[in-house]
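Participant: Dropping a structure here in structure tokens format, bear with me for questions.
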Amino acid sequence: MATPDTLLRQTAIEDGIKVLDNEFSYNQISIVIATRIHEVIKEVTGNPDPYQAMKAREIEVAKELYPETRLQYKGGFRDYLKLAATANTIDFFKELGEVVEDIRKPIDFTIDDSCYLEGKLRDGGKVLYLADNAGEVYFDLPLLNYMRRFADATYVVKPSPVQNDATLEDVRNSGLESEFGKVITTGIASPGINLSLASEEFKHEFESADLIFAKGMGYYESLSELPSKGRVFYCLKAKCEPVADSLGVPLDSYVAVLR
């Protein structure tokens with residue numbers, strides 16, 4: 001996707017393999033290595049956003065699907081949580097037709113800690129809502145607004161393109177910027193989050209938050225490495241075997257889990 005030039009593609013592949021050779025370790029978080037590979041591809045091809053066209057299609061489809069999908073969920077906390085989760089089926093390695101079909105299906109959580117999340121929200125405090133794919137912004141808003149009834153909730157996106165993750169520009173282009181309230185970025189264009197390279201603003205918000213609401217596999221892959229303190233709530237679809245195995249659920253399960 002980054003370039004039609006076959007020679008540049010080969011160079012990017014070779015340089016990516018060098019990253020794996022030099023940096024792979026069972027003690028290393030996968031997100032750190034993936035981020036470096038993304039950087040290499042961008043550098044070699046001169047393309048700062050290889051997923052741009054694909055992301056635009058995903059956003060368009062999500063915007064069209066949202067009104068009909070919203071009708072399946074009457075309202076209230078659990079319905080807003082399911083609505084937010086159902087859009088996590090969006091991902092760059094899936095055909096759009098498959099994404100559309102999956103979004104239209106009603107979902108159930110294989111692991112469901114939603115009652116604990118609702119209890120924590122009603123205690124008030126400070127919540128960080130870590131967004132995942134760009135098309136999910138429409139589906140996130142009802143849950144985010146629900147959270148704001150009880151807590152000081154901040155929506156967090158990426159500062160610049162990485163994969164098909166939501167960026168500040170995506171929020172602005174959605175036409176919903178004024179409805180999102182406080183929006184910040186992680187300060188680093190990485191899948192999930194590499195806390196050592198995140199912005200000081202994000203690290204401050206992260207450390208001071210009473211609850212982290214983390215959407216998607218990238219955040220699970222990175223934040224699940226931290227000690228479990230009952231502060232991070234993961235909401236995702238387990239779209240690959242390693243993540244499904246780690247959670248102890250079948251492939252393609254939806255989970256809502258507090259750790």
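Residue numbering restarts at 1 in every chain; chains get A, B, ... in the order shown in the structure tokens, and ligands count up from 1 in that same order.
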Using 9 Å as the limit and counting only C-alpha atoms, can you tabulate each residue of stretch 185-220 of chain A that touches stretch 227-232 of chain A, with its shortest atom-to-atom distance in Å and the two atoms involved, as a Markdown table?

Facilitator:
```
| residue | atom | partner | partner_atom | distance |
| --- | --- | --- | --- | --- |
| A:Ala209 | CA | A:Arg231 | CA | 8.6 |
| A:Asp210 | CA | A:Arg231 | CA | 6.6 |
| A:Leu211 | CA | A:Arg231 | CA | 5.0 |
| A:Ile212 | CA | A:Val232 | CA | 4.6 |
| A:Phe213 | CA | A:Val232 | CA | 6.1 |
| A:Ala214 | CA | A:Val232 | CA | 6.9 |
```

Participant: Stretch 60-155 of chain A: which residues are strand (DSSP E or B) by DSSP, as a list in words?

Facilitator: Phe109, Thr110, Ile111, Asp112, Lys126, Val127, Leu128, Tyr129, Leu130, Asn133, Asp152, Ala153, Thr154 and Tyr155 of chain A

Participant: From a DSSP calculation on the backbone, collect every residue of stretch 4-56 of chain A in alpha helix (DSSP H) and output the set as number ranges by chain.

Facilitator: A: 6-23, 30-45, 52-56

Participant: Would you please work out which residue, of A:Gly135, A:Arg104, A:Leu81, A:Val257, is nearest to A:Arg57 when using only C-alpha atoms?

Facilitator: A:Gly135

Participant: Can you tell me, as number ranges by chain, what residues are no more than 6 Å from stretch 116-126 of chain A when counting only C-alpha atoms, ignoring any on the same chain fewer than 2 positions away?

Facilitator: A: 113-114, 150-153, 209-210

Participant: How would the residues just chosen look if you wrote them out with N, CA and C atoms as a compact mmCIF listing (two decimals), in the first residue's frame?

Facilitator:
```txt
# COMPACT_ATOMS: atom_id res chain seq x y z
N ASP A 113 -17.13 -7.82 31.93
CA ASP A 113 -16.94 -7.13 33.21
C ASP A 113 -17.63 -5.77 33.19
N SER A 114 -18.64 -5.63 32.35
CA SER A 114 -19.25 -4.31 32.17
C SER A 114 -19.87 -3.77 33.45
N PHE A 150 -20.99 11.20 34.46
CA PHE A 150 -20.50 10.86 35.80
C PHE A 150 -19.03 11.24 36.02
N ALA A 151 -18.27 11.33 34.94
CA ALA A 151 -16.82 11.48 35.09
C ALA A 151 -16.27 12.53 34.12
N ASP A 152 -15.04 12.94 34.39
CA ASP A 152 -14.31 13.83 33.50
C ASP A 152 -13.60 12.95 32.46
N ALA A 153 -14.21 12.80 31.28
CA ALA A 153 -13.70 11.87 30.26
C ALA A 153 -12.99 12.61 29.13
N ALA A 209 -5.29 9.39 35.72
CA ALA A 209 -6.65 8.91 35.45
C ALA A 209 -7.05 7.84 36.46
N ASP A 210 -8.32 7.87 36.82
CA ASP A 210 -8.86 6.83 37.69
C ASP A 210 -9.20 5.57 36.91
```

Participant: I want to know what sits within 6 Å of A:Lys237, based on only C-alpha atoms, with residues of the same chain fewer than 2 positions away left out; could you give that as a list in words?

Facilitator: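 Final neighbour list, sorted by chain and number: Lys239, Asp252, Ser253 and Tyr254 of chain A.
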
Participant: Measuring between only C-alpha atoms, which one of A:Gly16, A:Gly175, A:Gly181, A:Gly187 shows the shortest distance to A:Val157?

Facilitator: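 The closest residue to A:Val157 is A:Gly187.
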